[in-house]
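This is data_14.tsv (TSV, C-alpha atoms).
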chain	number	residue	atom	x	y	z
B	1	MET	CA	-148.77	-65.11	-182.84
B	2	ILE	CA	-150.01	-63.30	-179.76
B	3	THR	CA	-153.28	-61.34	-180.05
B	4	VAL	CA	-153.10	-57.66	-179.12
B	5	LYS	CA	-156.11	-55.35	-179.00
B	6	LYS	CA	-155.67	-51.70	-179.91
B	7	GLU	CA	-157.84	-49.86	-177.35
B	8	GLY	CA	-157.54	-46.52	-179.14
B	9	VAL	CA	-156.62	-42.98	-178.15
B	10	VAL	CA	-156.51	-42.14	-174.44
B	11	LEU	CA	-155.26	-38.55	-174.41
B	12	GLU	CA	-154.98	-35.83	-177.06
B	13	ILE	CA	-153.56	-32.35	-177.44
B	14	THR	CA	-155.44	-29.45	-175.85
B	15	ASN	CA	-155.32	-25.69	-176.39
B	16	LEU	CA	-153.53	-25.21	-173.08
B	17	ASP	CA	-150.20	-23.45	-173.56
B	18	PHE	CA	-148.08	-26.21	-172.04
B	19	GLU	CA	-149.47	-29.03	-174.24
B	20	ASN	CA	-150.57	-27.41	-177.49
B	21	GLU	CA	-148.07	-29.33	-179.64
B	22	GLY	CA	-148.22	-32.86	-178.26
B	23	VAL	CA	-149.06	-35.22	-175.40
B	24	LEU	CA	-147.15	-38.49	-175.53
B	25	ASN	CA	-144.94	-41.14	-173.90
B	26	PRO	CA	-146.48	-41.32	-170.41
B	27	ALA	CA	-145.06	-42.68	-167.18
B	28	VAL	CA	-147.74	-45.01	-165.81
B	29	ILE	CA	-148.44	-46.41	-162.35
B	30	LYS	CA	-151.56	-48.21	-161.12
B	31	GLU	CA	-152.89	-47.88	-157.59
B	32	GLY	CA	-156.13	-49.68	-156.86
B	33	ASP	CA	-158.47	-49.00	-159.77
B	34	ASN	CA	-156.71	-45.74	-160.60
B	35	VAL	CA	-154.04	-45.36	-163.25
B	36	HIS	CA	-151.80	-42.30	-162.97
B	37	LEU	CA	-150.32	-40.95	-166.20
B	38	LEU	CA	-147.42	-38.53	-165.89
B	39	TYR	CA	-146.99	-37.67	-169.52
B	40	ARG	CA	-144.73	-35.63	-171.75
B	41	ALA	CA	-146.56	-32.40	-172.55
B	42	VAL	CA	-145.09	-30.39	-175.43
B	43	ARG	CA	-145.73	-26.75	-176.18
B	44	HIS	CA	-144.91	-24.93	-179.40
B	45	GLY	CA	-141.17	-24.76	-179.94
B	46	ASN	CA	-140.69	-28.33	-178.64
B	47	PHE	CA	-140.45	-27.40	-174.96
B	48	SER	CA	-141.55	-30.28	-172.74
B	49	SER	CA	-142.93	-30.51	-169.21
B	50	VAL	CA	-144.70	-33.29	-167.33
B	51	GLY	CA	-148.49	-33.26	-167.35
B	52	TYR	CA	-150.77	-35.32	-165.13
B	53	CYS	CA	-153.89	-37.34	-165.78
B	54	ARG	CA	-155.74	-39.93	-163.65
B	55	LEU	CA	-157.74	-42.72	-165.18
B	56	THR	CA	-160.49	-44.70	-163.47
B	57	GLY	CA	-159.93	-48.19	-164.73
B	58	PRO	CA	-157.58	-48.61	-167.67
B	59	LEU	CA	-159.14	-46.11	-170.08
B	60	LYS	CA	-161.56	-43.57	-168.56
B	61	VAL	CA	-160.16	-40.10	-167.86
B	62	ALA	CA	-161.28	-38.97	-164.39
B	63	GLU	CA	-158.91	-36.05	-163.72
B	64	ARG	CA	-156.51	-33.99	-165.78
B	65	LEU	CA	-154.45	-31.06	-164.56
B	66	THR	CA	-154.60	-27.82	-166.52
B	67	ALA	CA	-150.98	-26.92	-165.68
B	68	PRO	CA	-147.78	-28.97	-165.64
B	69	LEU	CA	-147.15	-31.24	-162.69
B	70	LEU	CA	-143.40	-30.74	-163.22
B	71	SER	CA	-141.54	-28.16	-165.28
B	72	PRO	CA	-137.88	-27.48	-166.11
B	73	GLU	CA	-136.05	-25.63	-163.36
B	74	PHE	CA	-132.36	-26.18	-164.02
B	75	ASP	CA	-129.96	-25.62	-166.90
B	76	TYR	CA	-129.58	-29.35	-167.60
B	77	GLU	CA	-133.32	-29.57	-168.40
B	78	LYS	CA	-133.99	-26.05	-169.63
B	79	HIS	CA	-135.44	-27.18	-172.97
B	80	GLY	CA	-137.54	-29.98	-171.57
B	81	MET	CA	-138.38	-32.93	-169.38
B	82	GLU	CA	-139.09	-35.71	-171.88
B	83	ASP	CA	-140.40	-39.29	-171.93
B	84	PRO	CA	-140.93	-39.98	-168.20
B	85	ARG	CA	-141.17	-43.46	-166.64
B	86	ILE	CA	-142.14	-44.30	-163.08
B	87	VAL	CA	-141.94	-47.13	-160.53
B	88	LYS	CA	-142.53	-47.37	-156.78
B	89	ILE	CA	-139.79	-49.01	-154.73
B	90	ASP	CA	-140.78	-49.49	-151.08
B	91	ASP	CA	-142.40	-46.14	-150.17
B	92	THR	CA	-140.69	-44.01	-152.81
B	93	TYR	CA	-141.72	-43.19	-156.37
B	94	TYR	CA	-138.82	-42.97	-158.81
B	95	LEU	CA	-139.70	-40.77	-161.77
B	96	THR	CA	-137.08	-40.90	-164.51
B	97	TYR	CA	-137.05	-38.64	-167.55
B	98	ILE	CA	-134.82	-37.27	-170.27
B	99	ALA	CA	-133.36	-33.90	-169.41
B	100	PHE	CA	-132.86	-31.88	-172.59
B	101	ASN	CA	-130.85	-28.66	-172.54
B	102	ASP	CA	-131.22	-28.00	-176.31
B	103	ASP	CA	-127.94	-29.81	-177.00
B	104	ASP	CA	-127.71	-32.90	-174.80
B	105	ALA	CA	-130.38	-35.48	-173.91
B	106	LEU	CA	-129.53	-37.40	-170.71
B	107	GLY	CA	-131.40	-39.45	-168.10
B	108	ALA	CA	-132.38	-37.75	-164.85
B	109	VAL	CA	-134.40	-38.81	-161.80
B	110	ALA	CA	-136.80	-37.26	-159.31
B	111	THR	CA	-138.33	-38.95	-156.26
B	112	SER	CA	-141.61	-38.48	-154.46
B	113	ALA	CA	-143.63	-39.88	-151.57
B	114	ASP	CA	-147.03	-38.74	-152.84
B	115	LEU	CA	-146.94	-38.23	-156.65
B	116	ARG	CA	-147.42	-34.51	-156.10
B	117	HIS	CA	-144.18	-33.21	-154.59
B	118	PHE	CA	-140.91	-34.28	-156.22
B	119	THR	CA	-137.26	-33.89	-155.33
B	120	LYS	CA	-134.99	-33.67	-158.37
B	121	HIS	CA	-131.66	-35.48	-158.15
B	122	GLY	CA	-130.29	-34.38	-161.51
B	123	ILE	CA	-128.66	-36.39	-164.27
B	124	ILE	CA	-127.54	-39.85	-163.14
B	125	VAL	CA	-126.31	-41.39	-166.41
B	126	PRO	CA	-122.75	-40.93	-167.73
B	127	GLN	CA	-121.94	-37.52	-169.21
B	128	VAL	CA	-119.08	-38.32	-171.55
B	129	LYS	CA	-117.82	-36.82	-174.77
B	130	CYS	CA	-117.30	-39.06	-177.78
B	131	SER	CA	-113.52	-38.79	-177.38
B	132	GLU	CA	-113.78	-39.91	-173.74
B	133	PHE	CA	-116.10	-42.76	-174.67
B	134	ASP	CA	-113.63	-43.95	-177.30
B	135	LYS	CA	-110.86	-44.20	-174.71
B	136	LEU	CA	-112.97	-45.91	-172.06
B	137	ALA	CA	-114.66	-48.42	-174.38
B	138	LYS	CA	-111.63	-49.17	-176.54
B	139	ASN	CA	-111.37	-52.82	-175.43
B	140	ASN	CA	-115.04	-53.59	-176.12
B	141	SER	CA	-114.91	-55.45	-179.41
B	142	GLY	CA	-117.31	-54.02	-181.99
B	143	ILE	CA	-118.85	-51.52	-179.56
B	144	ILE	CA	-117.24	-48.25	-180.57
B	145	LYS	CA	-118.03	-48.43	-184.27
B	146	ARG	CA	-121.73	-49.21	-183.67
B	147	TYR	CA	-122.17	-46.74	-180.85
B	148	ARG	CA	-120.38	-43.89	-182.59
B	149	GLN	CA	-122.08	-44.05	-185.99
B	150	ASP	CA	-124.57	-41.28	-185.11
B	151	TYR	CA	-121.95	-38.89	-183.75
B	152	SER	CA	-119.31	-36.85	-185.51
B	153	GLY	CA	-117.33	-34.41	-183.38
B	154	PRO	CA	-115.14	-35.68	-180.52
B	155	ASP	CA	-116.62	-33.07	-178.15
B	156	THR	CA	-120.22	-34.21	-178.68
B	157	ILE	CA	-121.84	-35.68	-175.57
B	158	MET	CA	-123.06	-39.27	-176.02
B	159	MET	CA	-126.84	-39.25	-175.56
B	160	ASP	CA	-128.15	-41.59	-172.85
B	161	LYS	CA	-131.94	-41.97	-172.89
B	162	ASP	CA	-134.80	-44.33	-171.90
B	163	LEU	CA	-133.83	-44.39	-168.23
B	164	MET	CA	-136.08	-46.52	-165.97
B	165	PHE	CA	-135.82	-48.52	-162.78
B	166	PHE	CA	-136.94	-52.04	-162.01
B	167	PRO	CA	-139.88	-51.86	-159.54
B	168	ARG	CA	-137.90	-53.44	-156.69
B	169	ARG	CA	-134.31	-53.93	-155.60
B	170	ILE	CA	-132.66	-57.01	-157.11
B	171	ASN	CA	-130.15	-58.73	-154.86
B	172	GLY	CA	-130.33	-55.64	-152.66
B	173	LYS	CA	-129.44	-53.20	-155.43
B	174	LEU	CA	-131.30	-50.45	-157.26
B	175	THR	CA	-131.33	-51.78	-160.80
B	176	PHE	CA	-132.16	-49.79	-163.90
B	177	LEU	CA	-132.12	-49.73	-167.68
B	178	HIS	CA	-130.78	-46.96	-169.88
B	179	ARG	CA	-129.98	-46.61	-173.56
B	180	ILE	CA	-126.78	-45.51	-175.20
B	181	LYS	CA	-127.81	-46.05	-178.80
B	182	PRO	CA	-128.09	-48.60	-180.40
B	183	ASP	CA	-128.47	-51.03	-177.43
B	184	ILE	CA	-130.21	-51.17	-174.06
B	185	GLN	CA	-127.88	-51.38	-171.08
B	186	ILE	CA	-128.43	-52.41	-167.44
B	187	ALA	CA	-126.83	-51.07	-164.26
B	188	ALA	CA	-127.13	-51.70	-160.52
B	189	VAL	CA	-125.99	-49.74	-157.44
B	190	ASP	CA	-126.59	-49.66	-153.71
B	191	ASN	CA	-127.64	-46.00	-153.75
B	192	LEU	CA	-128.09	-43.19	-156.27
B	193	SER	CA	-125.04	-41.49	-154.77
B	194	ASP	CA	-122.89	-44.33	-156.12
B	195	LEU	CA	-123.52	-43.12	-159.67
B	196	ASN	CA	-120.45	-40.91	-159.81
B	197	GLN	CA	-117.75	-40.37	-162.42
B	198	SER	CA	-115.63	-43.24	-161.14
B	199	TYR	CA	-118.55	-45.67	-161.35
B	200	TRP	CA	-119.35	-44.73	-164.93
B	201	GLU	CA	-115.73	-44.83	-166.08
B	202	ASP	CA	-115.45	-48.41	-164.86
B	203	TYR	CA	-118.88	-49.23	-166.32
B	204	LEU	CA	-117.96	-47.95	-169.80
B	205	THR	CA	-114.60	-49.68	-169.67
B	206	HIS	CA	-116.55	-52.95	-169.38
B	207	LEU	CA	-119.50	-51.82	-171.48
B	208	LYS	CA	-120.01	-55.08	-173.38
B	209	ASP	CA	-120.72	-56.81	-170.05
B	210	ASN	CA	-123.55	-54.36	-169.36
B	211	VAL	CA	-125.48	-54.64	-172.63
B	212	LEU	CA	-128.90	-56.17	-172.00
B	213	ILE	CA	-130.67	-56.02	-175.37
B	214	THR	CA	-129.17	-55.62	-178.82
B	215	SER	CA	-130.92	-55.93	-182.17
B	216	LYS	CA	-131.70	-59.49	-183.23
B	217	TYR	CA	-134.70	-59.43	-185.59
B	218	LYS	CA	-135.72	-57.49	-188.70
B	219	HIS	CA	-138.26	-55.24	-186.96
B	220	GLU	CA	-135.52	-53.97	-184.58
B	221	VAL	CA	-132.60	-54.09	-186.98
B	222	ASN	CA	-131.55	-50.43	-186.72
B	223	TYR	CA	-131.65	-50.06	-182.95
B	224	VAL	CA	-133.57	-50.80	-179.77
B	225	GLY	CA	-134.55	-48.65	-176.82
B	226	GLY	CA	-136.32	-48.85	-173.48
B	227	GLY	CA	-140.10	-48.99	-173.22
B	228	CYS	CA	-142.11	-49.80	-170.11
B	229	PRO	CA	-140.46	-50.40	-166.74
B	230	PRO	CA	-139.90	-54.15	-166.25
B	231	ILE	CA	-142.91	-56.20	-165.15
B	232	GLU	CA	-142.32	-59.01	-162.65
B	233	THR	CA	-143.93	-62.37	-163.48
B	234	GLU	CA	-143.38	-65.83	-161.97
B	235	GLN	CA	-141.47	-66.81	-165.12
B	236	GLY	CA	-139.19	-63.77	-165.23
B	237	TRP	CA	-138.97	-60.04	-165.86
B	238	LEU	CA	-141.14	-59.05	-168.82
B	239	ILE	CA	-139.53	-56.15	-170.63
B	240	ILE	CA	-141.53	-54.33	-173.27
B	241	TYR	CA	-139.17	-52.19	-175.32
B	242	HIS	CA	-139.17	-50.44	-178.68
B	243	GLY	CA	-137.46	-51.63	-181.82
B	244	VAL	CA	-136.70	-49.52	-184.88
B	245	GLN	CA	-136.50	-50.54	-188.51
B	246	TYR	CA	-135.78	-48.26	-191.45
B	247	LEU	CA	-138.29	-48.63	-194.26
B	248	ASP	CA	-138.64	-46.78	-197.57
B	249	GLU	CA	-140.97	-44.24	-195.94
B	250	GLY	CA	-138.72	-43.73	-192.91
B	251	TYR	CA	-138.20	-45.29	-189.49
B	252	GLU	CA	-140.89	-47.54	-188.00
B	253	TYR	CA	-141.12	-47.81	-184.20
B	254	SER	CA	-142.69	-51.00	-182.85
B	255	ALA	CA	-143.39	-52.42	-179.39
B	256	CYS	CA	-141.32	-55.54	-178.66
B	257	ALA	CA	-141.18	-58.04	-175.78
B	258	ALA	CA	-138.56	-60.18	-174.05
B	259	LEU	CA	-138.24	-62.16	-170.81
B	260	PHE	CA	-135.29	-62.16	-168.37
B	261	GLU	CA	-134.22	-64.11	-165.28
B	262	LEU	CA	-135.65	-62.74	-162.01
B	263	ASP	CA	-132.47	-62.99	-159.93
B	264	ASP	CA	-130.07	-62.27	-162.80
B	265	PRO	CA	-131.83	-59.99	-165.28
B	266	LYS	CA	-128.77	-59.95	-167.52
B	267	VAL	CA	-129.85	-63.43	-168.66
B	268	GLU	CA	-132.33	-63.36	-171.52
B	269	ILE	CA	-134.84	-66.23	-171.36
B	270	ALA	CA	-136.90	-65.49	-174.45
B	271	ARG	CA	-137.72	-62.84	-177.03
B	272	LEU	CA	-140.59	-62.44	-179.47
B	273	PRO	CA	-139.26	-62.85	-183.04
B	274	TYR	CA	-141.90	-60.39	-184.27
B	275	PRO	CA	-143.28	-57.07	-182.96
B	276	LEU	CA	-145.72	-57.25	-180.08
B	277	PHE	CA	-147.54	-54.51	-181.99
B	278	LYS	CA	-146.61	-51.97	-184.61
B	279	PRO	CA	-148.16	-48.95	-186.34
B	280	ASP	CA	-151.28	-49.90	-188.29
B	281	GLN	CA	-153.87	-47.36	-187.12
B	282	GLU	CA	-154.31	-43.91	-188.64
B	283	TYR	CA	-153.24	-42.18	-185.41
B	284	GLU	CA	-150.02	-44.23	-185.40
B	285	LEU	CA	-149.21	-43.99	-189.10
B	286	ALA	CA	-149.47	-40.19	-189.31
B	287	GLY	CA	-148.47	-37.66	-186.69
B	288	ASP	CA	-145.69	-35.34	-185.66
B	289	VAL	CA	-143.51	-38.35	-186.44
B	290	ASP	CA	-145.10	-41.00	-188.66
B	291	ASN	CA	-145.11	-44.76	-187.99
B	292	VAL	CA	-144.58	-44.63	-184.24
B	293	CYS	CA	-145.71	-46.92	-181.41
B	294	PHE	CA	-143.49	-45.95	-178.46
B	295	PRO	CA	-144.44	-47.87	-175.27
B	296	THR	CA	-143.56	-46.26	-171.94
B	297	GLY	CA	-145.88	-47.66	-169.26
B	298	SER	CA	-148.28	-50.43	-168.36
B	299	ALA	CA	-151.07	-51.33	-165.91
B	300	LEU	CA	-152.35	-54.79	-165.05
B	301	PHE	CA	-156.08	-55.43	-164.53
B	302	GLY	CA	-156.60	-59.11	-163.80
B	303	ASP	CA	-154.79	-60.91	-166.59
B	304	SER	CA	-155.14	-57.98	-168.99
B	305	LEU	CA	-151.99	-55.95	-169.44
B	306	TYR	CA	-152.69	-52.44	-170.73
B	307	ILE	CA	-149.74	-50.86	-172.51
B	308	TYR	CA	-149.71	-47.08	-172.91
B	309	TYR	CA	-147.69	-45.56	-175.70
B	310	GLY	CA	-146.96	-42.48	-177.73
B	311	ALA	CA	-148.67	-42.81	-181.12
B	312	GLY	CA	-147.40	-40.74	-184.02
B	313	ASP	CA	-145.34	-38.82	-181.43
B	314	ASP	CA	-148.26	-36.53	-180.58
B	315	ILE	CA	-151.01	-38.47	-178.74
B	316	ILE	CA	-151.29	-41.21	-176.11
B	317	ALA	CA	-152.90	-44.51	-177.05
B	318	CYS	CA	-153.33	-47.89	-175.38
B	319	ALA	CA	-153.17	-51.55	-176.38
B	320	SER	CA	-154.04	-54.60	-174.29
B	321	VAL	CA	-152.87	-58.20	-174.20
B	322	SER	CA	-153.32	-61.25	-171.97
B	323	LEU	CA	-150.28	-61.34	-169.71
B	324	SER	CA	-150.38	-65.12	-169.31
B	325	ALA	CA	-150.73	-65.62	-173.06
B	326	LEU	CA	-147.82	-63.27	-173.72
B	327	VAL	CA	-145.55	-65.11	-171.29
B	328	THR	CA	-146.57	-68.45	-172.81
B	329	GLU	CA	-145.78	-67.13	-176.29
B	330	LEU	CA	-142.43	-65.84	-175.11
B	331	LEU	CA	-141.53	-69.20	-173.58
B	332	ALA	CA	-142.27	-70.79	-176.95
B	333	ASN	CA	-139.50	-68.58	-178.37
B	334	LYS	CA	-136.65	-69.18	-175.94
B	335	SER	CA	-133.32	-67.53	-176.59
B	336	ALA	CA	-130.32	-69.65	-177.56
B	337	GLN	CA	-128.50	-69.02	-174.29
B	338	SER	CA	-131.56	-70.25	-172.36
B	339	ILE	CA	-131.93	-73.40	-174.49
B	340	ALA	CA	-128.25	-74.34	-174.15
When written as structure tokens, how does the structure in this file appear?
Amino acid sequence: MITVKKEGVVLEITNLDFENEGVLNPAVIKEGDNVHLLYRAVRHGNFSSVGYCRLTGPLKVAERLTAPLLSPEFDYEKHGMEDPRIVKIDDTYYLTYIAFNDDDALGAVATSADLRHFTKHGIIVPQVKCSEFDKLAKNNSGIIKRYRQDYSGPDTIMMDKDLMFFPRRINGKLTFLHRIKPDIQIAAVDNLSDLNQSYWEDYLTHLKDNVLITSKYKHEVNYVGGGCPPIETEQGWLIIYHGVQYLDEGYEYSACAALFELDDPKVEIARLPYPLFKPDQEYELAGDVDNVCFPTGSALFGDSLYIYYGAGDDIIACASVSLSALVTELLANKSAQSIA
């Protein structure tokens, strides 16, 4: 098994109004020796904005804003901007987050040239009611029953969360992950403007062709969801995601890892048959939500990959692992389609 070091807590709640209930699930991007954390800051009443912190090296806090970097402005995000992720493609930062309007939770994107000023582009994932989803996905064997088990009314909007881009275009296309529970899906377009109603209707009609990760092992048996933006290695795209298993004491969220082809990321090369890491520290076992390790960003220093995650759903913690050792371990657990 791969060895992972728990580095401990990086960021905690403060008495500031905008983050007095939780700090968690940060977007992470490394530039030089600095690591920028754009994190979910929660105030009482479960209203979320995006806070900002800069680390020197992987763990030392050097700067932390005392007000939100980004706050809700529009109706689609009026109750919060949740669980951000970030990548830089060419000269543009793509910050994705979950826009929550107190009813619906859907993936949105904002772009920036400087990590300070952002242009919001709104929700880019499909906005479909359960009844519409049923019609579009009707020919996808086994999909509707699994995807609809958490929804009741036909007018309920299907949640689409864990939105994040790959850090470069693949075959000329902007490529991203998103999650319509219980699987992780993948999509690719020439431009953000292509993500219109017609695109998504065709996409959902062929949904089974767009599923990237579905549950395979015990620790992810209930569902999977996105984690850190994909990491490019010589052997393939390393995707660190979260897997969920229901235990007697409730759901357990673990960090998981898989490897995918560089030029065709729909092809799974390998997957760890056990969690990369799971809750075992006090700050992970007890919190606003117990038993949670929810990875959302990473930074590479030499061969050491630092993985930042929400612990207990109310603080930010970090774990580290040798990147080369992790890839080697993954390649020792190749997926059936890669072995064939």
With all atoms listed in the file as the counted atoms, please give the residues lying no more than 12 Å from B:Val9, apart from itself and same-chain residues fewer than 5 positions off, as a compact mmCIF listing (two decimals) with C-alpha atoms, in the coordinates of the input.
# COMPACT_ATOMS: atom_id res chain seq x y z
CA VAL B 23 -149.06 -35.22 -175.40
CA LEU B 24 -147.15 -38.49 -175.53
CA PRO B 58 -157.58 -48.61 -167.67
CA LEU B 59 -159.14 -46.11 -170.08
CA LYS B 60 -161.56 -43.57 -168.56
CA VAL B 61 -160.16 -40.10 -167.86
CA GLN B 281 -153.87 -47.36 -187.12
CA GLU B 282 -154.31 -43.91 -188.64
CA TYR B 283 -153.24 -42.18 -185.41
CA GLU B 284 -150.02 -44.23 -185.40
CA ILE B 307 -149.74 -50.86 -172.51
CA TYR B 308 -149.71 -47.08 -172.91
CA TYR B 309 -147.69 -45.56 -175.70
CA GLY B 310 -146.96 -42.48 -177.73
CA ALA B 311 -148.67 -42.81 -181.12
CA GLY B 312 -147.40 -40.74 -184.02
CA ASP B 314 -148.26 -36.53 -180.58
CA ILE B 315 -151.01 -38.47 -178.74
CA ILE B 316 -151.29 -41.21 -176.11
CA ALA B 317 -152.90 -44.51 -177.05
CA CYS B 318 -153.33 -47.89 -175.38
CA ALA B 319 -153.17 -51.55 -176.38
| Of the residues B:Glu21, B:Gly80, B:Ala99, B:Gly142, which is the one nearest to B:Asp313, using all atoms listed in the file? | B:Glu21
| task | In Å, rounded to a single decimal, give me how far atom CA of B:Ile143 is from atom CA of B:Thr205. | result |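 Answer for the atom CA of B:Thr205 to atom CA of B:Ile143 separation: 10.9 Å.
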| message | Report, in Å with one decimal, the straight-line distance from atom CA of B:Tyr76 to atom CA of B:Ile180. | response |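 We find that atom CA of B:Tyr76 and atom CA of B:Ile180 lie 18.1 Å from each other.
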| Within 12 Å of (-124.6, -45.0, -157.2), all atoms listed in the file: residues as a list in words? |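 Nearby residues: His121, Ile123, Ile124, Val125, Pro126, Lys173, Leu174, Thr175, Phe176, Ala187, Ala188, Val189, Asp190, Asn191, Leu192, Ser193, Asp194, Leu195, Asn196, Gln197, Ser198, Tyr199, Trp200 and Tyr203 of chain B.
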| query | What gap, in Å, lies between atom CA of B:Thr3 and atom CA of B:Val292? | reply |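 Atom-to-atom, atom CA of B:Thr3 and atom CA of B:Val292 are spaced 19.3 Å apart.
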| Restricting the calculation to only C-alpha atoms, which member of B:Leu204, B:Ala258, B:Cys130, B:Ala332 is positioned closest to B:Gln149? | B:Cys130
| query | Excluding same-chain residues fewer than 5 positions from B:Thr56, what lies within 12 Å of it counting only C-alpha atoms, as a PyMOL selection string? | reply | chain B and resi 10+30-37+61-64+299+301
For a cut-off of 10 Å around (-116.5, -34.6, -184.0), file coordinates, pick out all residues using all atoms listed in the file and list them as a compact mmCIF listing (two decimals) with C-alpha atoms, in the frame of the given file.
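After the write, result.txt holds the following:
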# COMPACT_ATOMS: atom_id res chain seq x y z
CA LYS B 129 -117.82 -36.82 -174.77
CA CYS B 130 -117.30 -39.06 -177.78
CA SER B 131 -113.52 -38.79 -177.38
CA TYR B 151 -121.95 -38.89 -183.75
CA SER B 152 -119.31 -36.85 -185.51
CA GLY B 153 -117.33 -34.41 -183.38
CA PRO B 154 -115.14 -35.68 -180.52
CA ASP B 155 -116.62 -33.07 -178.15
CA THR B 156 -120.22 -34.21 -178.68
| task | Excluding B:Met159 and residues on its chain fewer than 4 positions from it, collect all residues at most 7 Å away from it, counting all atoms listed in the file, and give them as a VMD selection string. | result | chain B and resid 104 to 106 180
| message | I'd like the contact shell of B:Leu177 - 9 Å cut-off, only C-alpha atoms, skipping same-chain residues fewer than 6 positions apart - returned as a PyMOL selection string. | response | chain B and resi 162-166+184-188+212+226+229
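Candidate residues B:Glu261, B:Ser304, B:Glu249, B:Lys181 were compared for distance to B:Ala286, and the nearest is B:Glu249, using all atoms listed in the file.
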| field | Minimum-distance residue to B:Pro265, chosen among B:Asn171, B:Thr214, B:Thr296, B:Gln127 (using only C-alpha atoms) | value |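 The answer is B:Asn171, which sits nearest to B:Pro265.
Using all atoms listed in the file for every distance, the candidate list B:Gln235, B:Asn139, B:Asn25, B:Ser112 yields B:Asn25 as the residue closest to B:Ser298.
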| field | Selected residue, from B:Asp263, B:Glu268, B:Glu201, B:Glu232, that lies nearest to B:Ile213 when counting only C-alpha atoms | value |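 Using only C-alpha atoms, the shortest distance to B:Ile213 belongs to B:Glu268.
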| said: Excluding stretch 44-50 of chain B and its own-chain neighbours fewer than 4 positions away, which residues fall within 7 Å of it when counting only C-alpha atoms? Please give them as a list in words. | reply: Asn20, Glu21, Leu38, Tyr39, Arg40, Pro68, Leu69, Leu70, Ser71, Pro72, His79, Gly80, Met81 and Glu82 of chain B
Kindly compute an axis-aligned box around the listed atoms of stretch 109-114 of chain B, allowing 6 Å on each side, and express its centre and edge lengths in Å to one decimal as AutoDock Vina command-line options.
--center_x -140.7 --center_y -38.6 --center_z -156.7 --size_x 24.6 --size_y 14.6 --size_z 22.2
